[in-house]
file work-v6.pdb (PDB, C-alpha atoms)
ATOM      1  CA  TRP A   1      77.128 -32.232-140.766
ATOM      2  CA  LEU A   2      80.195 -33.403-142.632
ATOM      3  CA  ASP A   3      83.955 -32.942-142.983
ATOM      4  CA  TYR A   4      85.549 -35.083-145.682
ATOM      5  CA  GLY A   5      88.937 -36.789-145.531
ATOM      6  CA  TYR A   6      90.343 -39.933-147.115
ATOM      7  CA  SER A   7      93.790 -40.816-145.712
ATOM      8  CA  PRO A   8      95.700 -40.127-143.489
ATOM      9  CA  GLY A   9      92.739 -37.965-142.460
ATOM     10  CA  TYR A  10      89.221 -39.082-141.623
ATOM     11  CA  SER A  11      85.718 -38.379-142.792
ATOM     12  CA  ALA A  12      83.684 -37.086-139.862
ATOM     13  CA  ALA A  13      79.905 -36.847-139.957
ATOM     14  CA  ALA A  14      77.359 -36.121-137.238
ATOM     15  CA  TRP A  15      73.613 -36.441-136.934
ATOM     16  CA  VAL A  16      72.253 -33.401-135.113
ATOM     17  CA  ALA A  17      68.751 -32.811-133.750
ATOM     18  CA  VAL A  18      67.280 -29.485-132.657
ATOM     19  CA  GLY A  19      65.444 -29.633-129.335
ATOM     20  CA  PHE A  20      62.138 -27.884-128.750
ATOM     21  CA  ASP A  21      64.020 -25.129-126.959
ATOM     22  CA  GLY A  22      66.600 -24.753-129.743
ATOM     23  CA  GLN A  23      69.423 -26.725-128.117
ATOM     24  CA  LEU A  24      71.532 -28.690-130.626
ATOM     25  CA  ILE A  25      71.874 -32.398-129.800
ATOM     26  CA  VAL A  26      74.674 -34.347-131.509
ATOM     27  CA  TYR A  27      73.530 -37.949-131.125
ATOM     28  CA  ARG A  28      75.316 -40.082-133.741
ATOM     29  CA  GLU A  29      78.676 -39.903-135.504
ATOM     30  CA  LEU A  30      80.639 -41.490-138.329
ATOM     31  CA  TYR A  31      84.451 -41.394-138.221
ATOM     32  CA  GLU A  32      86.212 -43.460-140.868
ATOM     33  CA  GLN A  33      89.131 -43.431-143.286
ATOM     34  CA  MET A  34      89.445 -44.438-146.933
ATOM     35  CA  LEU A  35      85.855 -43.879-148.018
ATOM     36  CA  THR A  36      85.224 -42.428-151.475
ATOM     37  CA  HIS A  37      82.558 -39.746-151.774
ATOM     38  CA  TYR A  38      80.092 -42.331-153.095
ATOM     39  CA  GLU A  39      80.916 -44.830-150.337
ATOM     40  CA  LEU A  40      80.545 -42.114-147.723
ATOM     41  CA  GLY A  41      77.103 -41.225-149.067
ATOM     42  CA  ARG A  42      76.002 -44.851-148.870
ATOM     43  CA  LYS A  43      77.470 -45.200-145.370
ATOM     44  CA  ILE A  44      75.529 -42.171-144.146
ATOM     45  CA  ALA A  45      72.316 -43.585-145.627
ATOM     46  CA  GLU A  46      72.964 -47.008-144.084
ATOM     47  CA  MET A  47      73.463 -45.438-140.649
ATOM     48  CA  THR A  48      70.233 -43.417-140.885
ATOM     49  CA  PRO A  49      67.172 -45.515-139.924
ATOM     50  CA  ILE A  50      64.353 -45.468-142.481
ATOM     51  CA  GLY A  51      61.904 -43.931-140.021
ATOM     52  CA  GLU A  52      64.350 -41.135-139.245
ATOM     53  CA  ARG A  53      64.934 -40.024-142.820
ATOM     54  CA  PHE A  54      61.738 -37.957-142.963
ATOM     55  CA  TYR A  55      63.237 -35.647-140.369
ATOM     56  CA  VAL A  56      66.673 -35.240-141.989
ATOM     57  CA  LYS A  57      66.465 -31.925-143.827
ATOM     58  CA  GLN A  58      69.996 -31.285-145.062
ATOM     59  CA  ILE A  59      73.687 -32.042-144.977
ATOM     60  CA  ILE A  60      75.969 -29.113-144.152
ATOM     61  CA  TYR A  61      79.240 -30.187-145.696
ATOM     62  CA  ASP A  62      82.908 -29.393-146.259
ATOM     63  CA  PRO A  63      83.005 -26.676-148.996
ATOM     64  CA  GLN A  64      86.037 -28.411-150.547
ATOM     65  CA  LEU A  65      83.595 -31.015-151.867
ATOM     66  CA  HIS A  66      82.491 -28.500-154.484
ATOM     67  CA  LYS A  67      85.822 -28.961-156.259
ATOM     68  CA  ARG A  68      85.456 -30.970-159.478
ATOM     69  CA  GLU A  69      87.906 -33.578-160.670
ATOM     70  CA  ASN A  70      89.676 -32.409-163.823
ATOM     71  CA  GLU A  71      89.178 -35.620-165.768
ATOM     72  CA  SER A  72      85.666 -36.639-164.757
ATOM     73  CA  GLY A  73      84.171 -33.211-164.063
ATOM     74  CA  VAL A  74      82.390 -34.765-161.056
ATOM     75  CA  SER A  75      82.534 -33.006-157.696
ATOM     76  CA  GLY A  76      82.678 -34.587-154.269
ATOM     77  CA  VAL A  77      79.113 -33.398-153.661
ATOM     78  CA  ASP A  78      78.004 -35.257-156.807
ATOM     79  CA  GLY A  79      79.568 -38.468-155.514
ATOM     80  CA  LEU A  80      78.061 -37.980-152.071
ATOM     81  CA  ARG A  81      74.622 -37.348-153.552
ATOM     82  CA  ASN A  82      74.893 -40.400-155.813
ATOM     83  CA  GLY A  83      75.750 -42.574-152.816
ATOM     84  CA  LEU A  84      72.787 -41.294-150.805
ATOM     85  CA  ASP A  85      70.438 -41.523-153.792
ATOM     86  CA  SER A  86      71.461 -45.150-154.370
ATOM     87  CA  LEU A  87      69.732 -45.995-151.068
ATOM     88  CA  ASN A  88      66.795 -43.643-151.702
ATOM     89  CA  MET A  89      67.841 -40.962-149.219
ATOM     90  CA  LYS A  90      66.894 -37.581-150.676
ATOM     91  CA  ILE A  91      67.993 -34.486-148.750
ATOM     92  CA  GLY A  92      69.244 -30.939-149.256
ATOM     93  CA  TYR A  93      72.912 -29.945-149.499
ATOM     94  CA  VAL A  94      74.335 -26.808-147.872
ATOM     95  CA  PRO A  95      78.051 -25.885-148.108
ATOM     96  CA  GLY A  96      79.843 -24.860-144.935
ATOM     97  CA  THR A  97      81.777 -21.604-144.600
ATOM     98  CA  ARG A  98      85.430 -21.173-145.557
ATOM     99  CA  ASN A  99      85.847 -18.447-142.926
ATOM    100  CA  ARG A 100      87.618 -20.459-140.258
ATOM    101  CA  LYS A 101      87.894 -17.823-137.515
ATOM    102  CA  TYR A 102      84.249 -16.859-137.823
ATOM    103  CA  GLY A 103      83.345 -20.544-137.663
ATOM    104  CA  TRP A 104      85.368 -21.099-134.483
ATOM    105  CA  GLY A 105      83.576 -18.151-132.889
ATOM    106  CA  VAL A 106      80.180 -19.647-133.732
ATOM    107  CA  MET A 107      81.271 -23.041-132.407
ATOM    108  CA  ARG A 108      82.480 -21.556-129.107
ATOM    109  CA  ASP A 109      79.187 -19.703-128.776
ATOM    110  CA  TYR A 110      77.189 -22.925-129.184
ATOM    111  CA  LEU A 111      79.320 -24.720-126.581
ATOM    112  CA  ARG A 112      78.765 -22.021-123.942
ATOM    113  CA  ASP A 113      75.855 -22.014-121.520
ATOM    114  CA  LYS A 114      72.788 -20.205-122.821
ATOM    115  CA  THR A 115      69.593 -18.989-121.205
ATOM    116  CA  PHE A 116      66.667 -20.551-123.057
ATOM    117  CA  LYS A 117      63.096 -19.302-123.350
ATOM    118  CA  ASP A 118      61.916 -21.449-120.440
ATOM    119  CA  GLY A 119      64.521 -19.815-118.172
ATOM    120  CA  SER A 120      66.822 -22.849-118.055
ATOM    121  CA  VAL A 121      70.570 -22.377-118.417
ATOM    122  CA  LYS A 122      72.459 -25.076-120.313
ATOM    123  CA  PRO A 123      74.939 -25.490-123.186
ATOM    124  CA  GLY A 124      73.732 -24.519-126.631
ATOM    125  CA  MET A 125      75.055 -27.840-127.924
ATOM    126  CA  ILE A 126      75.471 -31.231-126.246
ATOM    127  CA  PHE A 127      77.027 -34.533-127.372
ATOM    128  CA  PHE A 128      75.750 -38.012-126.606
ATOM    129  CA  ASP A 129      78.365 -40.498-125.429
ATOM    130  CA  THR A 130      77.744 -42.385-128.697
ATOM    131  CA  CYS A 131      79.806 -39.621-130.368
ATOM    132  CA  TYR A 132      83.073 -40.976-128.998
ATOM    133  CA  ASN A 133      85.443 -39.252-131.433
ATOM    134  CA  CYS A 134      83.804 -35.841-131.050
ATOM    135  CA  VAL A 135      84.140 -36.085-127.282
ATOM    136  CA  ARG A 136      87.706 -37.401-127.606
ATOM    137  CA  THR A 137      89.172 -34.965-130.145
ATOM    138  CA  ILE A 138      87.378 -31.599-129.865
ATOM    139  CA  PRO A 139      88.742 -30.717-126.375
ATOM    140  CA  ASN A 140      92.289 -31.406-127.640
ATOM    141  CA  GLN A 141      92.283 -28.642-130.258
ATOM    142  CA  VAL A 142      94.744 -25.769-129.677
ATOM    143  CA  HIS A 143      95.493 -22.348-131.118
ATOM    144  CA  ASP A 144      98.006 -22.077-133.955
ATOM    145  CA  PHE A 145     100.595 -20.362-131.766
ATOM    146  CA  ASN A 146     103.500 -21.088-134.131
ATOM    147  CA  GLY A 147     101.648 -20.408-137.362
ATOM    148  CA  ALA A 148     100.572 -17.331-139.276
ATOM    149  CA  ASP A 149      97.418 -16.672-137.243
ATOM    150  CA  PRO A 150      97.140 -17.487-133.516
ATOM    151  CA  GLU A 151      93.398 -16.733-133.733
ATOM    152  CA  ASP A 152      93.013 -19.827-135.913
ATOM    153  CA  MET A 153      93.257 -23.463-134.849
ATOM    154  CA  GLU A 154      96.341 -25.579-135.405
ATOM    155  CA  ASP A 155      95.496 -27.824-138.338
ATOM    156  CA  ASN A 156      97.434 -31.082-138.646
ATOM    157  CA  GLU A 157      96.695 -34.787-138.518
ATOM    158  CA  TYR A 158      98.243 -35.205-135.083
ATOM    159  CA  ASN A 159      95.504 -33.275-133.286
ATOM    160  CA  GLU A 160      92.736 -34.783-135.490
ATOM    161  CA  PRO A 161      90.771 -31.628-136.424
ATOM    162  CA  HIS A 162      88.070 -33.445-138.409
ATOM    163  CA  CYS A 163      85.280 -33.478-135.815
ATOM    164  CA  ALA A 164      85.978 -29.852-134.899
ATOM    165  CA  ASP A 165      85.874 -28.815-138.567
ATOM    166  CA  MET A 166      82.627 -30.715-139.034
ATOM    167  CA  ILE A 167      81.009 -28.979-136.039
ATOM    168  CA  ARG A 168      82.304 -25.624-137.322
ATOM    169  CA  TYR A 169      80.645 -26.121-140.721
ATOM    170  CA  GLY A 170      77.400 -27.254-139.155
ATOM    171  CA  GLY A 171      77.222 -24.565-136.503
ATOM    172  CA  VAL A 172      77.589 -21.741-139.017
ATOM    173  CA  GLY A 173      75.090 -23.404-141.335
ATOM    174  CA  MET A 174      72.529 -23.648-138.531
ATOM    175  CA  GLN A 175      73.105 -20.033-137.550
ATOM    176  CA  LEU A 176      72.605 -18.822-141.115
ATOM    177  CA  SER A 177      69.475 -20.962-141.501
ATOM    178  CA  ALA A 178      68.046 -19.482-138.297
ATOM    179  CA  SER A 179      68.791 -15.953-139.518
ATOM    180  CA  LYS A 180      66.961 -16.613-142.771
ATOM    181  CA  ARG A 181      63.926 -17.975-140.909
ATOM    182  CA  GLU A 182      63.858 -14.919-138.655
ATOM    183  CA  ASP A 183      64.108 -12.593-141.655
ATOM    184  CA  GLY A 184      61.273 -14.408-143.401
ATOM    185  CA  ALA A 185      63.513 -15.161-146.364
ATOM    186  CA  HIS A 186      62.388 -17.789-148.844
ATOM    187  CA  ARG A 187      63.966 -21.190-148.343
ATOM    188  CA  GLU A 188      63.718 -23.989-150.878
ATOM    189  CA  VAL A 189      61.869 -27.033-149.544
ATOM    190  CA  THR A 190      64.261 -29.989-149.387
ATOM    191  CA  PRO A 191      63.407 -33.446-150.791
ATOM    192  CA  GLY A 192      63.225 -34.822-147.251
ATOM    193  CA  GLU A 193      60.681 -32.189-146.243
ATOM    194  CA  LYS A 194      58.652 -32.849-149.388
ATOM    195  CA  ALA A 195      58.574 -36.562-148.591
ATOM    196  CA  TRP A 196      57.517 -35.870-145.011
ATOM    197  CA  LYS A 197      54.706 -33.505-146.102
ATOM    198  CA  LYS A 198      53.486 -36.084-148.599
ATOM    199  CA  ARG A 199      53.526 -38.752-145.888
ATOM    200  CA  ARG A 200      51.578 -36.509-143.495
ATOM    201  CA  LYS A 201      48.987 -35.855-146.189
ATOM    202  CA  GLU A 202      48.606 -39.605-146.824
ATOM    203  CA  LEU A 203      48.181 -40.291-143.101
ATOM    204  CA  ARG A 204      45.653 -37.477-142.754
ATOM    205  CA  LEU A 205      43.587 -38.752-145.677
ATOM    206  CA  ARG A 206      43.750 -42.286-144.275
ATOM    207  CA  ARG A 207      42.504 -41.120-140.884
ATOM    208  CA  LEU A 208      39.741 -39.029-142.436
ATOM    209  CA  GLY A 209      38.684 -42.088-144.419
ATOM    210  CA  LYS A 210      38.329 -44.004-141.157
ATOM    211  CA  GLY A 211      36.371 -41.179-139.539
ATOM    212  CA  LEU A 212      39.115 -40.399-137.047
ATOM    213  CA  GLY A 213      39.447 -36.736-137.916
ATOM    214  CA  ARG A 214      42.560 -34.676-138.586
ATOM    215  CA  PRO A 215      45.802 -35.835-136.913
TER     216      PRO A 215
END
call {"tool": "encode", "arguments": {"input": "work-v6.pdb", "output": "structure tokens"}}
result
Amino acid sequence: WLDYGYSPGYSAAAWVAVGFDGQLIVYRELYEQMLTHYELGRKIAEMTPIGERFYVKQIIYDPQLHKRENESGVSGVDGLRNGLDSLNMKIGYVPGTRNRKYGWGVMRDYLRDKTFKDGSVKPGMIFFDTCYNCVRTIPNQVHDFNGADPEDMEDNEYNEPHCADMIRYGGVGMQLSASKREDGAHREVTPGEKAWKKRRKELRLRRLGKGLGRP
């Protein structure tokens, strides 16, 4: 999940796992200034262990990254992809929603306690203490009481909205992905999933060659 900023803002990225029960687990973060799109892509790849890349399916990102520079014609997503590709990290790219109020509603829903299939009651999303800036900044966000829409969040650099925006993009993206799976809609297989399926096939053939049977 990703919100992009250069300066005085920050780029905020999070690595999120889905538990067996569907709980979202935010376990790693990036929070830095003055990274170009390409540098950010490389930084994300550097922070993702090689053995973990098979499981990374997609980046849900700031929709502003679709905007292309007038002179070069290159978008922020292009730069991000080039940075990731330079370190052989191939994944899918999903834009976040521009509907801020809907996104805040989804985020609040994930942060509330939920009853899971096994009967346990716990938050729909948790943060590891390694995600220092998420834990530090998200609780400090406030309504835009003095602005045009009090249902929206106050958006300025003083309250550091970057982690909250990043979680908003990702939460909506996960919700939409889940809806598509439930509806049986076709979803394009991402490069990461293709690599993982290829690796599983190679391991299966290797084990069959040794007479160990199917993994």
call {"tool": "residues_around", "arguments": {"input": "work-v6.pdb", "residues": "stretch 59-69 of chain A", "least_positions_apart": "3", "cutoff": "6 Å", "atoms": "all atoms listed in the file", "output": "number ranges by chain"}}
result
A: 1-3, 72-77, 93-96, 170
call {"tool": "resolve_selection", "arguments": {"input": "work-v6.pdb", "expression": "the PyMOL selection byres ((chain A and resi 24) around 12)", "output": "PyMOL selection string"}}
result
chain A and resi 14-23+25-27+107+109-112+114+122-128+167+170-171+174-175
call {"tool": "write_last_selection", "arguments": {"input": "work-v6.pdb", "atoms": "C-alpha atoms", "output": "PDB file, keeping the file's coordinate frame"}}
result
ATOM      1  CA  ALA A  14      77.359 -36.121-137.238  1.00  0.00           C
ATOM      2  CA  TRP A  15      73.613 -36.441-136.934  1.00  0.00           C
ATOM      3  CA  VAL A  16      72.253 -33.401-135.113  1.00  0.00           C
ATOM      4  CA  ALA A  17      68.751 -32.811-133.750  1.00  0.00           C
ATOM      5  CA  VAL A  18      67.280 -29.485-132.657  1.00  0.00           C
ATOM      6  CA  GLY A  19      65.444 -29.633-129.335  1.00  0.00           C
ATOM      7  CA  PHE A  20      62.138 -27.884-128.750  1.00  0.00           C
ATOM      8  CA  ASP A  21      64.020 -25.129-126.959  1.00  0.00           C
ATOM      9  CA  GLY A  22      66.600 -24.753-129.743  1.00  0.00           C
ATOM     10  CA  GLN A  23      69.423 -26.725-128.117  1.00  0.00           C
ATOM     11  CA  ILE A  25      71.874 -32.398-129.800  1.00  0.00           C
ATOM     12  CA  VAL A  26      74.674 -34.347-131.509  1.00  0.00           C
ATOM     13  CA  TYR A  27      73.530 -37.949-131.125  1.00  0.00           C
ATOM     14  CA  MET A 107      81.271 -23.041-132.407  1.00  0.00           C
ATOM     15  CA  ASP A 109      79.187 -19.703-128.776  1.00  0.00           C
ATOM     16  CA  TYR A 110      77.189 -22.925-129.184  1.00  0.00           C
ATOM     17  CA  LEU A 111      79.320 -24.720-126.581  1.00  0.00           C
ATOM     18  CA  ARG A 112      78.765 -22.021-123.942  1.00  0.00           C
ATOM     19  CA  LYS A 114      72.788 -20.205-122.821  1.00  0.00           C
ATOM     20  CA  LYS A 122      72.459 -25.076-120.313  1.00  0.00           C
ATOM     21  CA  PRO A 123      74.939 -25.490-123.186  1.00  0.00           C
ATOM     22  CA  GLY A 124      73.732 -24.519-126.631  1.00  0.00           C
ATOM     23  CA  MET A 125      75.055 -27.840-127.924  1.00  0.00           C
ATOM     24  CA  ILE A 126      75.471 -31.231-126.246  1.00  0.00           C
ATOM     25  CA  PHE A 127      77.027 -34.533-127.372  1.00  0.00           C
ATOM     26  CA  PHE A 128      75.750 -38.012-126.606  1.00  0.00           C
ATOM     27  CA  ILE A 167      81.009 -28.979-136.039  1.00  0.00           C
ATOM     28  CA  GLY A 170      77.400 -27.254-139.155  1.00  0.00           C
ATOM     29  CA  GLY A 171      77.222 -24.565-136.503  1.00  0.00           C
ATOM     30  CA  MET A 174      72.529 -23.648-138.531  1.00  0.00           C
ATOM     31  CA  GLN A 175      73.105 -20.033-137.550  1.00  0.00           C
TER      32      GLN A 175
END
call {"tool": "atom_distance", "arguments": {"input": "work-v6.pdb", "atom1": "atom CA of A:Tyr158", "atom2": "atom CA of A:Tyr4"}}
result
16.5 Å
call {"tool": "atom_distance", "arguments": {"input": "work-v6.pdb", "atom1": "atom CA of A:Cys163", "atom2": "atom CA of A:Asn140"}}
result
11.0 Å
call {"tool": "atom_distance", "arguments": {"input": "work-v6.pdb", "atom1": "atom CA of A:Asp165", "atom2": "atom CA of A:Gly83"}}
result
22.2 Å
call {"tool": "closest_residue", "arguments": {"input": "work-v6.pdb", "among": "A:Glu160, A:Met153, A:Pro49, A:Leu205", "to": "A:Gly9", "atoms": "all atoms listed in the file"}}
result
A:Glu160
call {"tool": "closest_residue", "arguments": {"input": "work-v6.pdb", "among": "A:Ser120, A:Tyr10, A:Glu52, A:Tyr169", "to": "A:Asn156", "atoms": "all atoms listed in the file"}}
result
A:Tyr10
call {"tool": "resolve_selection", "arguments": {"input": "work-v6.pdb", "expression": "the PyMOL selection byres ((chain A and resi 31-46) around 9)", "output": "count of residues only"}}
result
37
call {"tool": "closest_residue", "arguments": {"input": "work-v6.pdb", "among": "A:Arg168, A:Lys57, A:Lys198, A:Arg28", "to": "A:Thr97", "atoms": "only C-alpha atoms"}}
result
A:Arg168
call {"tool": "axis_aligned_box", "arguments": {"input": "work-v6.pdb", "around": "stretch 100-113 of chain A", "padding_each_side": "5 Å", "output": "AutoDock Vina command-line options"}}
result
--center_x 81.9 --center_y -20.8 --center_z -130.9 --size_x 22.0 --size_y 17.9 --size_z 28.7
call {"tool": "closest_residue", "arguments": {"input": "work-v6.pdb", "among": "A:Thr115, A:Asn146, A:Thr137, A:Thr130", "to": "A:Met166", "atoms": "all atoms listed in the file"}}
result
A:Thr137
call {"tool": "build_atoms", "arguments": {"input": "work-v6.pdb", "residues": "stretch 26-47 of chain A", "atoms": "N, CA, C and O atoms", "output": "mmCIF file, in the coordinates of the input"}}
result
data_model
loop_
_atom_site.group_PDB
_atom_site.id
_atom_site.type_symbol
_atom_site.label_atom_id
_atom_site.label_comp_id
_atom_site.auth_asym_id
_atom_site.auth_seq_id
_atom_site.Cartn_x
_atom_site.Cartn_y
_atom_site.Cartn_z
ATOM 1 N N VAL A 26 73.874 -33.508 -130.616
ATOM 2 C CA VAL A 26 74.674 -34.347 -131.509
ATOM 3 C C VAL A 26 74.571 -35.778 -130.978
ATOM 4 O O VAL A 26 75.109 -36.091 -129.909
ATOM 5 N N TYR A 27 73.876 -36.647 -131.699
ATOM 6 C CA TYR A 27 73.530 -37.949 -131.125
ATOM 7 C C TYR A 27 74.118 -39.154 -131.865
ATOM 8 O O TYR A 27 74.045 -40.271 -131.373
ATOM 9 N N ARG A 28 74.710 -38.953 -133.011
ATOM 10 C CA ARG A 28 75.316 -40.082 -133.741
ATOM 11 C C ARG A 28 76.480 -39.536 -134.549
ATOM 12 O O ARG A 28 76.433 -38.406 -135.049
ATOM 13 N N GLU A 29 77.539 -40.351 -134.703
ATOM 14 C CA GLU A 29 78.676 -39.903 -135.504
ATOM 15 C C GLU A 29 79.183 -41.019 -136.406
ATOM 16 O O GLU A 29 78.957 -42.210 -136.158
ATOM 17 N N LEU A 30 79.872 -40.598 -137.447
ATOM 18 C CA LEU A 30 80.639 -41.490 -138.329
ATOM 19 C C LEU A 30 82.054 -40.939 -138.352
ATOM 20 O O LEU A 30 82.251 -39.734 -138.484
ATOM 21 N N TYR A 31 83.052 -41.831 -138.229
ATOM 22 C CA TYR A 31 84.451 -41.394 -138.221
ATOM 23 C C TYR A 31 85.274 -42.512 -138.848
ATOM 24 O O TYR A 31 85.635 -43.484 -138.192
ATOM 25 N N GLU A 32 85.547 -42.381 -140.147
ATOM 26 C CA GLU A 32 86.212 -43.460 -140.868
ATOM 27 C C GLU A 32 87.183 -42.912 -141.906
ATOM 28 O O GLU A 32 87.022 -41.805 -142.409
ATOM 29 N N GLN A 33 88.160 -43.743 -142.246
ATOM 30 C CA GLN A 33 89.131 -43.431 -143.286
ATOM 31 C C GLN A 33 88.804 -44.201 -144.566
ATOM 32 O O GLN A 33 88.052 -45.174 -144.565
ATOM 33 N N MET A 34 89.406 -43.717 -145.658
ATOM 34 C CA MET A 34 89.445 -44.438 -146.933
ATOM 35 C C MET A 34 88.053 -44.766 -147.472
ATOM 36 O O MET A 34 87.786 -45.857 -147.968
ATOM 37 N N LEU A 35 87.161 -43.782 -147.377
ATOM 38 C CA LEU A 35 85.855 -43.879 -148.018
ATOM 39 C C LEU A 35 85.817 -42.901 -149.180
ATOM 40 O O LEU A 35 86.149 -41.717 -149.018
ATOM 41 N N THR A 36 85.445 -43.355 -150.371
ATOM 42 C CA THR A 36 85.224 -42.428 -151.475
ATOM 43 C C THR A 36 83.972 -41.607 -151.181
ATOM 44 O O THR A 36 83.213 -41.905 -150.253
ATOM 45 N N HIS A 37 83.747 -40.565 -151.985
ATOM 46 C CA HIS A 37 82.558 -39.746 -151.774
ATOM 47 C C HIS A 37 81.291 -40.595 -151.891
ATOM 48 O O HIS A 37 80.359 -40.475 -151.075
ATOM 49 N N TYR A 38 81.253 -41.465 -152.889
ATOM 50 C CA TYR A 38 80.092 -42.331 -153.095
ATOM 51 C C TYR A 38 79.905 -43.294 -151.918
ATOM 52 O O TYR A 38 78.791 -43.461 -151.411
ATOM 53 N N GLU A 39 80.994 -43.897 -151.469
ATOM 54 C CA GLU A 39 80.916 -44.830 -150.337
ATOM 55 C C GLU A 39 80.477 -44.117 -149.066
ATOM 56 O O GLU A 39 79.716 -44.674 -148.260
ATOM 57 N N LEU A 40 80.947 -42.884 -148.894
ATOM 58 C CA LEU A 40 80.545 -42.114 -147.723
ATOM 59 C C LEU A 40 79.048 -41.827 -147.763
ATOM 60 O O LEU A 40 78.357 -41.926 -146.739
ATOM 61 N N GLY A 41 78.535 -41.463 -148.939
ATOM 62 C CA GLY A 41 77.103 -41.225 -149.067
ATOM 63 C C GLY A 41 76.292 -42.455 -148.701
ATOM 64 O O GLY A 41 75.299 -42.375 -147.967
ATOM 65 N N ARG A 42 76.712 -43.606 -149.195
ATOM 66 C CA ARG A 42 76.002 -44.851 -148.870
ATOM 67 C C ARG A 42 76.103 -45.173 -147.374
ATOM 68 O O ARG A 42 75.139 -45.633 -146.758
ATOM 69 N N LYS A 43 77.276 -44.918 -146.789
ATOM 70 C CA LYS A 43 77.470 -45.200 -145.370
ATOM 71 C C LYS A 43 76.539 -44.336 -144.519
ATOM 72 O O LYS A 43 75.941 -44.818 -143.540
ATOM 73 N N ILE A 44 76.422 -43.070 -144.882
ATOM 74 C CA ILE A 44 75.529 -42.171 -144.146
ATOM 75 C C ILE A 44 74.084 -42.669 -144.245
ATOM 76 O O ILE A 44 73.347 -42.694 -143.253
ATOM 77 N N ALA A 45 73.681 -43.077 -145.449
ATOM 78 C CA ALA A 45 72.316 -43.585 -145.627
ATOM 79 C C ALA A 45 72.100 -44.864 -144.826
ATOM 80 O O ALA A 45 71.051 -45.051 -144.200
ATOM 81 N N GLU A 46 73.082 -45.747 -144.827
ATOM 82 C CA GLU A 46 72.964 -47.008 -144.084
ATOM 83 C C GLU A 46 72.831 -46.760 -142.580
ATOM 84 O O GLU A 46 72.142 -47.504 -141.874
ATOM 85 N N MET A 47 73.486 -45.726 -142.082
ATOM 86 C CA MET A 47 73.463 -45.438 -140.649
ATOM 87 C C MET A 47 72.234 -44.631 -140.225
ATOM 88 O O MET A 47 72.044 -44.373 -139.029
#
